[in-house]
Structures are given as C-alpha cells and as structure tokens.
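Before any comments, here is the structure.
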Amino acid sequence: MECFRVCQSIGCVSISSYKGHTIFAFVLSLLMFYNPLAIALAVISANIPDFDHEFKRNHVLTIIALGALISIFLYFLGLPYYLGLVIILLGAIFLVSSHRGFTHSILGAFLISLILSLFLFFGMGLSSYDLDFNNSRNLMILLILIIALALLFLNKKLSPVFLVAIAILVVSVNMGFIPPLKINLTLLAFSIFFGLCSHIILDSFTHSGVKAFSPFRDKEYHKKLGVLLFLILMVMFVFLFPNKLLFYLNFLTGL
C-alpha cells in the first residue's frame, strides 16, 4: 500500500494513503459543507482516484461487470439502463489509466465528477426525475446511492464506520434530533469534485507529485500546484455558495 508522509509540528508520521486522504477530505468538507450527505460524497470521492492502482484491477473489472448486469436488468424492466452504463464508463477510466495519471488530473477529476453526478441523476430516475431533494423519498434514494458508492470505493476497513455513521444519520433525522436534510444538485456535484481534488492536492505534496494535466502533458507537478488548486477550490466554493461565506463572516464577527 502506498504511503505518504504528513509533516506536523511534532515531526513526521507515516499514514496509509486511504486514511490520509479520508481524514484530509473529511476535515475540509466538515468545515465547508456541514451537510452530512455532501461530506459523505466528498470522503468517498477522495478515495476514488487510487483505483488506478494495478492491484485494484480485479476490483475495477468487478465494477464494470456489475455495471453491465445493472444495465441489462434495468433494460428488461423498462427502467433507465443508463445507470449501468455510467458505472461501466467509470470502471473503464480506471482500467486504461496508469497510476497517478488521468485519474489524478484536473480533467480526470472533472470527468469523474460528471460521471458520478450522472450516476446520482439516473439513479433517482429509477423513481422519477424530480430533482426536489427536499422530498423525503428522493433523499432516501440519494442515501441508498451514496451507500452503494461507499461499498464500491471505500476501503473495507472504512466501510463499516461509514455505514454506522449513515445509520446514525437516518435515525437522527427520523427521530427529529437533527432537522431534515436539504441538498441540491450543485452541492452534490461540487462535493464530489472537491473530494477528488483533495486527493490530487494531497498527492502533490508527495515526492512523486501528480500529472495534473494528463493526458495532454506528462510533467509531474508538486506542492505549488496543490496550493494553487486549493485556492481555486476556495474561490469556486465562495462563488457557488456565497451564503456559506456570510455564515463564517457572521460567526467571526460575533466572537
């Protein structure tokens, strides 16, 4: 398992890749989104790029086969079979990508974000294409789709923790301990893109760097690219969600 070093004020510690990417995405998304579903998507997405590893090829082939079976099944039921096709497309990207190649590029992050957004869209289309995410039925379908992504892409050591957290979330909403979740398509897509980019940012601080502009350029980029990409994400966040910025400004002025 690939490892990277995280430097702290007390020294450097070695953390396995999936743990480091999960923690990094979780902490940042917790500060930014404060919506459990968006945080969940960011954490899952932060673990996706490393599926271009050679040792995960069998898992990728399983994903492609699963997509094919879903397409066939939905086709004969007269339901949107495109759901399976986007799963096949996602698996194909990992199958042809070398490690830290296209899946670790900015274009790759954008394309994977688009594919996963379509996965959620077509998945909700199994019931209806009503994008009212405040509808309890639609939120439940969205939750099921997010769990499916977690089972596909999270490390087997993380999956049980994730599922327990989701179960607590569902119970808390049903019991009225937390208000009903509100989410929109823009937030879903951005949280996915954010999680993927967080992976690229963290890998840019390693010795190997990342091929951020693959397949057009094979040059490896390092921490300067990571800092720049982080700043770009912050600008996108402020532009897309100005109310979040006002929330933090009001919080700071109230201290």
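By order of appearance in the structure tokens: chains A, B, ..., then residues from 1 within every chain, and ligands from 1 in the order shown.
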Considering only C-alpha atoms, return as a list in words whatever protein or nucleic-acid residues lie within 7 Å of Leu41 (chain A), sequence-local ones (same chain, fewer than 4 positions apart) excluded.
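The neighbour list is Leu37, Ser45, Ile146, Ser191 and Ile192 of chain A.
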Do you know which residues are at most 8 Å from Ser105 (chain A) counting only C-alpha atoms, after dropping those on the same chain fewer than 5 positions away, and could you put them as a PyMOL selection string?
chain A and resi 100+200+210-214
Spatial neighbours of His21 (chain A), max dist 10 Å, only C-alpha atoms, sep filter under 6 positions, as a list of chain:residue names:
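The filter keeps A:Ile15, A:Val43, A:Ile44, A:Ser45, A:Ala46, A:Asn47, A:Ile48, A:Gly195, A:Leu196, A:Ser198, A:His199, A:Ile200, A:Ile201, A:Leu202, A:Asp203.
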For region 80-90 of chain A, please output as a compact mmCIF listing (two decimals) with N, CA, C and O atoms, in the first residue's frame all residues within 6 Å (counting only C-alpha atoms; exclusion window: fewer than 2 positions along the same chain).
# COMPACT_ATOMS: atom_id res chain seq x y z
N ILE A 64 -17.05 -2.99 -13.57
CA ILE A 64 -17.52 -2.98 -14.96
C ILE A 64 -18.57 -4.07 -15.18
O ILE A 64 -19.61 -3.85 -15.81
N GLY A 67 -21.78 -3.05 -13.60
CA GLY A 67 -22.47 -2.06 -14.44
C GLY A 67 -23.20 -2.71 -15.60
O GLY A 67 -24.33 -2.33 -15.93
N ALA A 68 -22.57 -3.71 -16.22
CA ALA A 68 -23.20 -4.42 -17.34
C ALA A 68 -24.45 -5.16 -16.88
O ALA A 68 -25.49 -5.13 -17.56
N ILE A 70 -26.33 -4.47 -14.29
CA ILE A 70 -27.36 -3.49 -13.94
C ILE A 70 -28.04 -2.96 -15.19
O ILE A 70 -29.27 -2.81 -15.23
N SER A 71 -27.25 -2.67 -16.23
CA SER A 71 -27.83 -2.17 -17.50
C SER A 71 -28.80 -3.17 -18.09
O SER A 71 -29.91 -2.81 -18.52
N LEU A 74 -32.01 -3.45 -15.84
CA LEU A 74 -32.89 -2.29 -15.95
C LEU A 74 -33.53 -2.19 -17.33
O LEU A 74 -34.68 -1.76 -17.47
N TYR A 75 -32.79 -2.60 -18.34
CA TYR A 75 -33.32 -2.56 -19.72
C TYR A 75 -34.56 -3.44 -19.84
O TYR A 75 -35.58 -3.03 -20.41
N ALA A 92 -14.08 1.79 -16.83
CA ALA A 92 -13.20 1.81 -17.99
C ALA A 92 -12.10 2.87 -17.84
O ALA A 92 -10.96 2.68 -18.28
N ILE A 93 -12.43 3.99 -17.21
CA ILE A 93 -11.44 5.05 -17.00
C ILE A 93 -10.29 4.53 -16.14
O ILE A 93 -9.11 4.76 -16.43
N PHE A 119 -24.57 9.40 -12.34
CA PHE A 119 -24.97 8.20 -11.60
C PHE A 119 -26.08 8.53 -10.61
O PHE A 119 -27.08 7.81 -10.50
N PHE A 122 -29.34 9.53 -12.75
CA PHE A 122 -30.02 8.38 -13.33
C PHE A 122 -30.55 7.45 -12.23
O PHE A 122 -31.57 6.78 -12.41
Counting only C-alpha atoms, what is within 10 Å of Ile144 (chain A), bar same-chain residues fewer than 3 positions away, as a short mmCIF file (atom, residue, chain, number, x, y, z; two decimals) with all heavy atoms, in the first residue's frame?
data_model
loop_
_atom_site.label_atom_id
_atom_site.label_comp_id
_atom_site.auth_asym_id
_atom_site.auth_seq_id
_atom_site.Cartn_x
_atom_site.Cartn_y
_atom_site.Cartn_z
N LEU A 120 -25.91 9.62 -9.89
CA LEU A 120 -26.94 10.03 -8.92
C LEU A 120 -28.22 10.45 -9.63
O LEU A 120 -29.32 10.12 -9.19
CB LEU A 120 -26.41 11.19 -8.07
CG LEU A 120 -25.18 10.87 -7.19
CD1 LEU A 120 -24.74 12.12 -6.45
CD2 LEU A 120 -25.49 9.74 -6.21
N GLY A 123 -29.84 7.39 -11.11
CA GLY A 123 -30.30 6.56 -10.01
C GLY A 123 -31.62 7.07 -9.46
O GLY A 123 -32.53 6.30 -9.18
N MET A 124 -31.73 8.40 -9.33
CA MET A 124 -33.00 8.97 -8.88
C MET A 124 -34.07 8.80 -9.95
O MET A 124 -35.26 8.76 -9.65
CB MET A 124 -32.82 10.44 -8.54
CG MET A 124 -31.91 10.65 -7.33
SD MET A 124 -31.85 12.36 -6.80
CE MET A 124 -33.51 12.54 -6.15
N ASN A 138 -36.99 11.14 -2.32
CA ASN A 138 -35.80 11.40 -3.11
C ASN A 138 -34.54 11.38 -2.26
O ASN A 138 -33.49 10.89 -2.70
CB ASN A 138 -35.92 12.75 -3.82
CG ASN A 138 -36.89 12.71 -4.98
OD1 ASN A 138 -37.36 11.64 -5.35
ND2 ASN A 138 -37.21 13.86 -5.54
N LEU A 139 -34.63 11.91 -1.07
CA LEU A 139 -33.48 11.89 -0.16
C LEU A 139 -33.11 10.45 0.22
O LEU A 139 -31.92 10.12 0.34
CB LEU A 139 -33.77 12.71 1.09
CG LEU A 139 -33.62 14.23 0.95
CD1 LEU A 139 -34.10 14.92 2.22
CD2 LEU A 139 -32.19 14.61 0.64
N MET A 140 -34.11 9.61 0.40
CA MET A 140 -33.83 8.21 0.74
C MET A 140 -33.16 7.50 -0.44
O MET A 140 -32.21 6.73 -0.24
CB MET A 140 -35.13 7.50 1.12
CG MET A 140 -34.90 6.08 1.66
SD MET A 140 -33.76 6.03 3.07
CE MET A 140 -34.72 7.00 4.27
N ILE A 141 -33.63 7.77 -1.66
CA ILE A 141 -32.99 7.18 -2.84
C ILE A 141 -31.54 7.66 -2.94
O ILE A 141 -30.62 6.88 -3.22
CB ILE A 141 -33.77 7.55 -4.11
CG1 ILE A 141 -35.15 6.90 -4.10
CG2 ILE A 141 -33.00 7.12 -5.37
CD1 ILE A 141 -36.05 7.33 -5.23
N ILE A 147 -24.64 5.11 -0.34
CA ILE A 147 -24.17 3.88 0.32
C ILE A 147 -23.58 2.93 -0.71
O ILE A 147 -22.54 2.29 -0.46
CB ILE A 147 -25.34 3.21 1.08
CG1 ILE A 147 -25.75 4.06 2.28
CG2 ILE A 147 -24.96 1.80 1.53
CD1 ILE A 147 -26.99 3.56 2.99
N ALA A 148 -24.21 2.83 -1.88
CA ALA A 148 -23.68 1.97 -2.95
C ALA A 148 -22.29 2.42 -3.37
O ALA A 148 -21.38 1.59 -3.56
CB ALA A 148 -24.64 1.98 -4.14
N LEU A 149 -22.08 3.73 -3.50
CA LEU A 149 -20.76 4.26 -3.86
C LEU A 149 -19.75 3.96 -2.76
O LEU A 149 -18.58 3.64 -3.05
CB LEU A 149 -20.85 5.77 -4.10
CG LEU A 149 -21.58 6.23 -5.36
CD1 LEU A 149 -21.65 7.74 -5.41
CD2 LEU A 149 -20.89 5.69 -6.61
N ALA A 150 -20.17 4.05 -1.51
CA ALA A 150 -19.27 3.77 -0.39
C ALA A 150 -18.82 2.31 -0.43
O ALA A 150 -17.64 2.00 -0.22
CB ALA A 150 -19.96 4.08 0.93
N ILE A 166 -23.93 6.55 8.64
CA ILE A 166 -25.14 6.77 7.85
C ILE A 166 -26.37 6.32 8.62
O ILE A 166 -27.42 7.00 8.62
CB ILE A 166 -25.05 6.01 6.51
CG1 ILE A 166 -24.03 6.68 5.58
CG2 ILE A 166 -26.41 5.98 5.82
CD1 ILE A 166 -24.41 8.05 5.11
#
Kindly indicate which residue among A:Leu225, A:Val60, A:Leu77, A:Ile23 lies nearest to Thr206 (chain A), using only C-alpha atoms for the distances.
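When distances to Thr206 (chain A) are compared using only C-alpha atoms, the smallest one comes from A:Leu225.
The space separating CA of Val161 (chain A) from CA of Pro36 (chain A) comes to 14.1 Å.
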Residues at most 12 Å from Leu187 (chain A), counting only C-alpha atoms, excluding those fewer than 6 positions away in the same chain, as an MDAnalysis selection string?
chainID A and resid 29 32:42 113 117 133 193:194 236:237 240:241 244
What does the distance between CA of Leu246 (chain A) and CA of Phe26 (chain A) come to in Å, to one decimal place?
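The value is 21.8 Å.
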Coordinates-based distance that separates CA of His59 (chain A) from CA of Leu152 (chain A) (Å, one decimal):
8.7 Å
Name the closest residue to Gly226 (chain A) among the candidates A:Leu245, A:Ala65, A:Ile106, A:Leu126; distances are taken between atoms, counting only C-alpha atoms.
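Residue with the minimum atom-to-atom distance to Gly226 (chain A): A:Ile106.
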